[in-house]
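With compact mmCIF, C-alpha atoms inside, this is run.txt:
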# COMPACT_ATOMS: atom_id res chain seq x y z
CA MET A 1 -69.99 -7.99 -63.62
CA ARG A 2 -67.71 -4.98 -63.79
CA GLN A 3 -67.10 -3.18 -60.52
CA HIS A 4 -68.20 0.44 -60.47
CA PRO A 5 -66.25 2.42 -57.88
CA GLY A 6 -69.07 4.73 -56.79
CA VAL A 7 -71.21 1.80 -55.69
CA TRP A 8 -68.80 1.13 -52.83
CA LEU A 9 -69.81 4.40 -51.21
CA PHE A 10 -73.15 2.87 -50.32
CA PRO A 11 -73.36 1.07 -46.97
CA ARG A 12 -72.69 -2.66 -46.97
CA ALA A 13 -76.27 -3.66 -46.18
CA TRP A 14 -77.58 -1.40 -48.93
CA ARG A 15 -75.09 -2.87 -51.41
CA ALA A 16 -76.11 -6.38 -50.44
CA ARG A 17 -79.68 -5.59 -51.42
CA TYR A 18 -79.37 -3.12 -54.32
CA GLY A 19 -75.71 -3.17 -55.30
CA GLU A 20 -76.02 -5.75 -58.06
CA GLU A 21 -79.06 -4.03 -59.56
CA LEU A 22 -77.30 -0.67 -59.53
CA ALA A 23 -74.22 -2.22 -61.13
CA GLN A 24 -76.45 -3.80 -63.75
CA LEU A 25 -78.07 -0.43 -64.45
CA LEU A 26 -74.63 1.15 -64.87
CA ASP A 27 -73.67 -1.69 -67.21
CA ASP A 28 -76.85 -1.05 -69.22
CA ILE A 29 -76.03 2.65 -69.45
CA GLU A 30 -72.50 1.81 -70.55
CA LEU A 31 -73.83 -0.60 -73.15
CA GLU A 32 -76.26 1.99 -74.44
CA HIS A 33 -73.98 5.04 -74.53
CA GLY A 34 -70.55 3.44 -74.74
CA ARG A 35 -69.52 4.74 -71.33
CA VAL A 36 -70.92 5.92 -68.02
CA SER A 37 -70.93 9.70 -68.05
CA LEU A 38 -69.19 11.75 -65.41
CA GLY A 39 -72.57 13.09 -64.31
CA ASP A 40 -73.81 9.57 -63.61
CA LYS A 41 -70.63 8.70 -61.71
CA ILE A 42 -71.04 11.81 -59.58
CA ASP A 43 -74.70 11.01 -59.05
CA VAL A 44 -73.85 7.52 -57.79
CA ALA A 45 -71.14 8.92 -55.52
CA LEU A 46 -73.44 11.57 -54.08
CA ALA A 47 -76.30 9.13 -53.57
CA GLY A 48 -73.97 6.63 -51.91
CA SER A 49 -72.54 9.26 -49.59
CA SER A 50 -76.01 10.48 -48.76
CA VAL A 51 -77.34 7.01 -47.97
CA ARG A 52 -74.26 6.21 -45.91
CA ALA A 53 -74.54 9.46 -43.97
CA SER A 54 -78.24 9.00 -43.25
CA THR A 55 -77.67 5.39 -42.19
CA TRP A 56 -74.81 6.40 -39.93
CA TRP A 57 -76.82 9.23 -38.44
CA ALA A 58 -79.79 6.98 -37.83
CA SER A 59 -77.67 4.40 -36.07
CA LEU A 60 -75.97 7.11 -34.03
CA ALA A 61 -79.32 8.58 -33.06
CA CYS A 62 -80.54 5.34 -31.57
CA GLY A 63 -77.25 4.81 -29.76
CA ARG A 64 -76.40 1.48 -31.31
CA ARG A 65 -73.16 2.64 -32.83
CA LEU A 66 -71.74 3.87 -29.54
CA VAL A 67 -72.53 0.57 -27.91
CA THR A 68 -71.52 -1.82 -30.65
CA ARG A 69 -68.44 -0.13 -32.02
CA ARG A 70 -65.82 -0.76 -29.39
CA GLY A 71 -63.29 1.34 -31.24
CA VAL A 72 -65.43 4.43 -30.94
CA VAL A 73 -65.99 3.76 -27.26
CA VAL A 74 -62.27 3.35 -26.60
CA ALA A 75 -61.47 6.53 -28.52
CA VAL A 76 -64.05 8.56 -26.62
CA VAL A 77 -62.83 7.22 -23.26
CA ALA A 78 -59.23 8.00 -24.19
CA ALA A 79 -60.15 11.53 -25.24
CA ILE A 80 -62.05 12.18 -22.00
CA ALA A 81 -59.18 10.76 -19.93
CA GLY A 82 -56.68 12.93 -21.79
CA ILE A 83 -58.74 16.05 -21.16
CA ALA A 84 -59.11 15.18 -17.48
CA ILE A 85 -55.37 14.57 -17.03
CA SER A 86 -54.50 17.80 -18.83
CA ALA A 87 -56.98 19.75 -16.71
CA ALA A 88 -55.56 18.24 -13.50
CA ALA A 89 -52.04 19.17 -14.54
CA LEU A 90 -53.07 22.73 -15.34
CA VAL A 91 -54.78 23.20 -11.99
CA GLY A 92 -51.63 22.32 -10.07
CA SER A 93 -49.19 24.21 -12.26
CA PRO A 94 -47.83 27.70 -11.32
CA LEU A 95 -48.56 30.80 -13.36
CA PRO A 96 -46.52 31.16 -16.52
CA PRO A 97 -43.63 33.60 -16.34
CA ALA A 98 -44.43 37.18 -17.17
CA PRO A 99 -43.41 38.28 -20.64
CA LYS A 100 -40.47 40.62 -20.63
CA THR A 101 -41.10 44.13 -21.90
CA ALA A 102 -39.33 47.40 -21.42
CA ALA A 103 -41.76 48.34 -18.69
CA THR A 104 -41.80 45.03 -16.86
CA ASP A 105 -38.33 43.82 -16.36
CA ALA A 106 -38.31 40.58 -14.43
CA GLY A 107 -35.97 42.05 -11.84
CA HIS A 108 -38.46 44.77 -11.07
CA VAL A 109 -41.61 42.74 -10.85
CA SER A 110 -40.32 39.60 -9.17
CA ALA A 111 -40.72 41.06 -5.72
CA ILE A 112 -44.29 42.24 -6.12
CA TRP A 113 -46.10 39.08 -7.28
CA LEU A 114 -47.20 38.45 -3.78
CA THR A 115 -50.77 39.57 -3.31
CA PRO A 116 -53.99 38.72 -5.20
CA ALA A 117 -54.11 42.30 -6.37
CA HIS A 118 -50.75 41.82 -8.05
CA ARG A 119 -51.99 38.71 -9.75
CA LYS A 120 -55.03 40.61 -10.98
CA ALA A 121 -52.88 43.38 -12.35
CA TYR A 122 -50.65 40.81 -14.03
CA HIS A 123 -53.62 39.21 -15.76
CA MET A 124 -54.93 42.62 -16.77
CA ARG A 125 -51.68 43.26 -18.53
CA GLN A 126 -51.96 39.91 -20.30
CA LEU A 127 -55.52 40.67 -21.41
CA ILE A 128 -54.49 44.03 -22.91
CA PRO A 129 -51.49 42.99 -24.97
CA CYS A 130 -51.57 46.05 -27.23
CA ALA A 131 -51.90 48.55 -24.42
CA GLU A 132 -49.06 50.72 -23.46
CA ILE A 133 -47.98 49.97 -19.91
CA THR A 134 -46.55 52.80 -17.94
CA PRO A 135 -43.29 52.12 -16.15
CA LEU A 136 -43.47 51.20 -12.51
CA PRO A 137 -42.93 54.06 -10.11
CA SER A 138 -39.57 54.19 -8.41
CA TRP A 139 -40.89 53.07 -5.05
CA ALA A 140 -42.14 49.82 -6.62
CA HIS A 141 -38.69 48.95 -8.01
CA SER A 142 -37.20 47.95 -4.71
CA GLU A 143 -35.87 44.43 -4.37
CA ASN A 144 -38.53 43.35 -1.91
CA SER A 145 -41.57 45.53 -1.62
CA ALA A 146 -42.77 43.90 1.58
CA THR A 147 -39.55 44.49 3.47
CA SER A 148 -38.78 47.82 1.84
CA THR A 149 -42.22 49.09 2.78
CA ALA A 150 -41.48 48.22 6.34
CA ALA A 151 -38.10 49.89 6.02
CA GLY A 152 -39.61 53.20 5.04
CA ALA A 153 -39.81 53.03 1.21
CA SER A 154 -43.55 53.43 1.34
CA PRO A 155 -45.61 54.58 -1.64
CA PRO A 156 -46.21 58.29 -1.84
CA ALA A 157 -49.41 59.73 -0.48
CA GLY A 158 -52.34 59.14 -2.82
CA ALA A 159 -50.78 56.15 -4.61
CA SER A 160 -52.65 52.90 -4.63
CA PRO A 161 -51.07 50.41 -2.28
CA THR A 162 -51.90 47.39 -4.45
CA VAL A 163 -51.86 48.34 -8.16
CA ARG A 164 -48.31 49.03 -9.18
CA PHE A 165 -48.82 49.80 -12.87
CA GLN A 166 -51.63 50.94 -15.09
CA ALA A 167 -52.65 49.98 -18.59
CA VAL A 168 -53.13 53.01 -20.81
CA ALA A 169 -55.31 52.39 -23.83
CA MET B 1 -84.66 10.43 -49.71
CA VAL B 2 -88.33 10.22 -50.45
CA THR B 3 -90.00 13.56 -50.03
CA LEU B 4 -92.98 13.00 -47.78
CA ARG B 5 -94.92 16.14 -47.16
CA ARG B 6 -98.04 16.37 -45.08
CA ARG B 7 -100.37 19.18 -45.92
CA ASP B 8 -102.57 18.57 -42.93
CA ASP B 9 -102.71 15.89 -40.31
CA GLU B 10 -105.79 14.28 -41.81
CA ARG B 11 -104.41 14.12 -45.36
CA GLN B 12 -102.36 11.46 -47.09
CA PRO B 13 -98.64 12.10 -47.37
CA THR B 14 -97.72 13.33 -50.81
CA LEU B 15 -94.62 12.87 -52.90
CA SER B 16 -92.70 14.98 -55.35
CA GLY B 17 -89.61 14.69 -57.49
CA ALA B 18 -87.98 11.34 -58.19
CA PRO B 19 -90.26 9.22 -55.95
CA LEU B 20 -93.34 10.65 -57.62
CA PHE B 21 -91.93 9.99 -61.09
CA ILE B 22 -91.11 6.40 -60.11
CA LEU B 23 -94.62 5.74 -58.83
CA MET B 24 -96.12 7.31 -61.95
CA SER B 25 -93.93 5.14 -64.14
CA LEU B 26 -94.89 1.99 -62.25
CA ALA B 27 -98.60 2.87 -62.45
CA THR B 28 -98.83 1.44 -65.94
CA GLU B 29 -96.63 -1.65 -65.65
CA ASP B 30 -93.85 -3.25 -63.63
CA LYS B 31 -90.36 -2.07 -64.60
CA HIS B 32 -86.72 -2.56 -63.65
CA GLY B 33 -84.25 0.25 -63.12
CA HIS B 34 -83.18 0.92 -66.68
CA ALA B 35 -86.74 0.81 -68.00
CA LEU B 36 -87.83 3.19 -65.24
CA MET B 37 -85.09 5.63 -66.12
CA LYS B 38 -85.99 5.65 -69.79
CA ASP B 39 -89.72 5.90 -69.16
CA ILE B 40 -89.34 8.83 -66.75
CA GLU B 41 -87.08 10.58 -69.21
CA GLN B 42 -89.74 10.12 -71.87
CA PHE B 43 -92.84 11.29 -70.01
CA ALA B 44 -91.33 13.86 -67.64
CA GLY B 45 -88.31 15.06 -69.57
CA VAL B 46 -86.18 14.40 -66.49
CA ARG B 47 -83.26 12.02 -66.53
CA LEU B 48 -82.77 10.53 -63.10
CA GLY B 49 -79.22 9.53 -62.31
CA PRO B 50 -78.66 5.86 -61.44
CA GLY B 51 -77.76 6.67 -57.84
CA THR B 52 -80.76 8.93 -57.38
CA LEU B 53 -83.03 6.32 -58.93
CA TYR B 54 -81.97 3.46 -56.69
CA LYS B 55 -81.80 5.65 -53.61
CA ALA B 56 -85.44 6.59 -54.22
CA ILE B 57 -86.42 2.99 -55.01
CA SER B 58 -84.86 1.73 -51.79
CA ARG B 59 -86.74 4.31 -49.75
CA LEU B 60 -90.03 3.61 -51.57
CA GLU B 61 -89.61 -0.10 -50.90
CA GLU B 62 -88.80 0.62 -47.27
CA ASP B 63 -92.00 2.67 -47.03
CA GLY B 64 -94.00 -0.14 -48.66
CA LEU B 65 -94.99 1.92 -51.69
CA VAL B 66 -93.26 -0.36 -54.22
CA ALA B 67 -92.47 -4.06 -54.07
CA ALA B 68 -89.61 -5.96 -55.63
CA LEU B 69 -90.60 -8.83 -57.90
CA PRO B 70 -88.53 -11.96 -58.53
CA PRO B 71 -85.42 -11.00 -60.49
CA ASP B 72 -85.18 -11.55 -64.19
CA ASP B 73 -81.51 -12.37 -64.71
CA ARG B 74 -79.73 -9.55 -62.85
CA ARG B 75 -82.56 -7.08 -63.36
CA ARG B 76 -85.19 -6.92 -60.66
CA PRO B 77 -88.53 -5.40 -61.66
CA TYR B 78 -90.60 -3.38 -59.24
CA ALA B 79 -94.36 -3.08 -58.89
CA LEU B 80 -96.63 -0.48 -57.36
CA THR B 81 -98.28 -1.63 -54.13
CA PRO B 82 -101.84 -0.67 -53.12
CA ALA B 83 -100.37 1.77 -50.60
CA GLY B 84 -98.20 3.22 -53.33
CA ARG B 85 -101.20 3.65 -55.59
CA THR B 86 -103.08 5.47 -52.81
CA VAL B 87 -100.14 7.80 -52.17
CA LEU B 88 -99.72 8.40 -55.88
CA MET B 89 -103.38 9.38 -56.24
CA ALA B 90 -103.16 11.69 -53.22
CA SER B 91 -100.00 13.27 -54.61
CA ILE B 92 -101.55 13.87 -58.02
CA ASP B 93 -104.69 15.35 -56.42
CA TYR B 94 -102.55 17.61 -54.30
CA LEU B 95 -100.41 18.75 -57.23
CA GLY B 96 -103.55 19.26 -59.30
CA SER B 97 -105.05 21.52 -56.66
CA VAL B 98 -101.83 23.51 -56.48
CA VAL B 99 -101.77 23.87 -60.25
CA GLU B 100 -105.39 25.03 -60.27
CA GLU B 101 -104.62 27.55 -57.56
CA GLY B 102 -101.67 28.80 -59.54
CA ARG B 103 -103.76 29.20 -62.66
CA ALA B 104 -106.47 31.01 -60.73
CA ARG B 105 -103.97 33.39 -59.24
CA LEU B 106 -102.36 34.09 -62.58
CA ARG B 107 -105.77 35.07 -63.96
CA LEU B 108 -106.05 37.62 -61.14
CA VAL B 109 -102.77 39.30 -61.99
CA PRO B 110 -103.28 41.99 -64.64
CA GLY B 111 -100.96 41.75 -67.62
CA ILE B 112 -100.34 38.00 -67.38
CA PRO B 113 -102.54 36.12 -69.87
CA ASP B 114 -103.86 32.67 -69.05
CA SER B 115 -102.89 29.67 -71.13
CA ASP B 116 -105.74 30.02 -73.67
CA THR B 117 -104.91 33.67 -74.23
CA ARG B 118 -101.22 32.80 -74.56
CA VAL B 119 -102.02 30.32 -77.30
CA THR B 120 -104.10 32.93 -79.11
CA LEU B 121 -101.35 35.51 -78.81
CA ALA B 122 -98.76 33.01 -80.03
CA ASP B 123 -100.91 32.23 -83.06
CA ALA B 124 -101.31 35.93 -83.75
CA ASP B 125 -97.54 36.40 -83.55
CA ASP B 126 -96.98 33.51 -85.94
CA GLU B 127 -99.45 34.99 -88.41
CA ALA B 128 -97.82 38.39 -88.11
CA VAL B 129 -94.40 36.87 -88.82
CA ALA B 130 -95.79 34.86 -91.73
CA GLY B 131 -97.58 37.91 -93.13
Full structure transcribed into structure tokens:
Amino acid sequence: MRQHPGVWLFPRAWRARYGEELAQLLDDIELEHGRVSLGDKIDVALAGSSVRASTWWASLACGRRLVTRRGVVVAVVAAIAGIAISAAALVGSPLPPAPKTAATDAGHVSAIWLTPAHRKAYHMRQLIPCAEITPLPSWAHSENSATSTAAGASPPAGASPTVRFQAVA
Amino acid sequence: MVTLRRRDDERQPTLSGAPLFILMSLATEDKHGHALMKDIEQFAGVRLGPGTLYKAISRLEEDGLVAALPPDDRRRPYALTPAGRTVLMASIDYLGSVVEEGRARLRLVPGIPDSDTRVTLADADDEAVAG
């Protein structure tokens, strides 16, 4: 019996029952027409894929595959463990460094990442990457805003004490 | 995949497409795959691919509508089961009622002649061409 490649797309159990008959039918077609047409080869491939997919889905639906296939179980456990380890590492890691732009030189902003409001403003700037960010006012450019505020370099009247720059759309 | 459609809860499931053709072909005599394919091509004008044919046969056998007979060489003939015959009759009744409904509706649409009128018009056209 000649082996027809498309037949191997059917599941093993299906092939054990119908594989020889299907191969015989393909042999009969070849004997009758001289060859198996491309359409018939595609039909066998599609039917085999369809039967395999429905069989796989049925076994997955009843949960047998997850229990019996140890490889799948190991892969799923490894994936979950990897996600958990990555998440744990992210939780403990510090914020990424601020991107350098003309308006946010690291030397200017390093002293003001101290309060939650600063963090919020930092994230706002990250969420609006295309926005134009106005330069920091001069009183915010001191080396240490906490100490310089105490030393008399306080923000001018009317300025917000927490938001040091604004995103302009 | 065998197409099982339920019209109503109290009705028999009905088939269409390849499974219906297979049951119709087996209604007259037991056949193996190649004979089924040729018979269906002859009476329905549809050539089922080998994969489609055996996919449908496997599902029909799983549903108990056809039964495999002892193999003759490498060819295994299939026979219609009593359940298969019942489903086939229900399917044909269902399709017949749909066809009748379609014909009745076509008669209600102005400008679309029914089949008898179409034959008469075709004959008139042939006579006009011949004349």
Handout entry: Neighbour residues at most 8 Å from (-88.7, -7.6, -64.6) (all atoms listed in the file) as a list in words
Key = Asp30, Lys31, His32, Leu69, Pro70, Pro71, Asp72, Arg75, Arg76, Pro77 and Tyr78 of chain B
Neighbours of chain B in chain A at 8 Å, counting all atoms listed in the file, as a compact mmCIF listing (two decimals) with C-alpha atoms, in the coordinates of the input:
# COMPACT_ATOMS: atom_id res chain seq x y z
CA TYR A 18 -79.37 -3.12 -54.32
CA GLU A 20 -76.02 -5.75 -58.06
CA GLU A 21 -79.06 -4.03 -59.56
CA LEU A 22 -77.30 -0.67 -59.53
CA GLN A 24 -76.45 -3.80 -63.75
CA LEU A 25 -78.07 -0.43 -64.45
CA LEU A 26 -74.63 1.15 -64.87
CA ASP A 28 -76.85 -1.05 -69.22
CA ILE A 29 -76.03 2.65 -69.45
CA GLY A 39 -72.57 13.09 -64.31
CA ASP A 40 -73.81 9.57 -63.61
CA ASP A 43 -74.70 11.01 -59.05
CA VAL A 44 -73.85 7.52 -57.79
CA ALA A 45 -71.14 8.92 -55.52
CA LEU A 46 -73.44 11.57 -54.08
CA ALA A 47 -76.30 9.13 -53.57
CA GLY A 48 -73.97 6.63 -51.91
CA VAL A 51 -77.34 7.01 -47.97
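Atom CA of B:Leu95 lies 8.8 Å from atom CA of B:Ser16.
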Exercise for the section: Could you please determine the separation between atom CA of A:His33 and atom CA of A:Gly6 in Å, to one decimal place? Expected result: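 Result for atom CA of A:His33 versus atom CA of A:Gly6: 18.4 Å, one decimal.
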Practice task
Take atom CA of B:Tyr94 and atom CA of B:Ala67 and report the distance between them in Å, one decimal.
Solution key: 23.9 Å
Handout entry: Test item: residues at most 6 Å from stretch 83-92 of chain B, only C-alpha atoms, excluding those fewer than 6 positions along its chain, as a list of chain:residue names
Key = B:Thr14, B:Leu15, B:Leu65
Now that the selection is made, can you save its residues with C-alpha atoms as a short mmCIF file (atom, residue, chain, number, x, y, z; two decimals), in the coordinates of the input?
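Produced file part.cif, reproduced below:
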data_model
loop_
_atom_site.label_atom_id
_atom_site.label_comp_id
_atom_site.auth_asym_id
_atom_site.auth_seq_id
_atom_site.Cartn_x
_atom_site.Cartn_y
_atom_site.Cartn_z
CA THR B 14 -97.72 13.33 -50.81
CA LEU B 15 -94.62 12.87 -52.90
CA LEU B 65 -94.99 1.92 -51.69
#
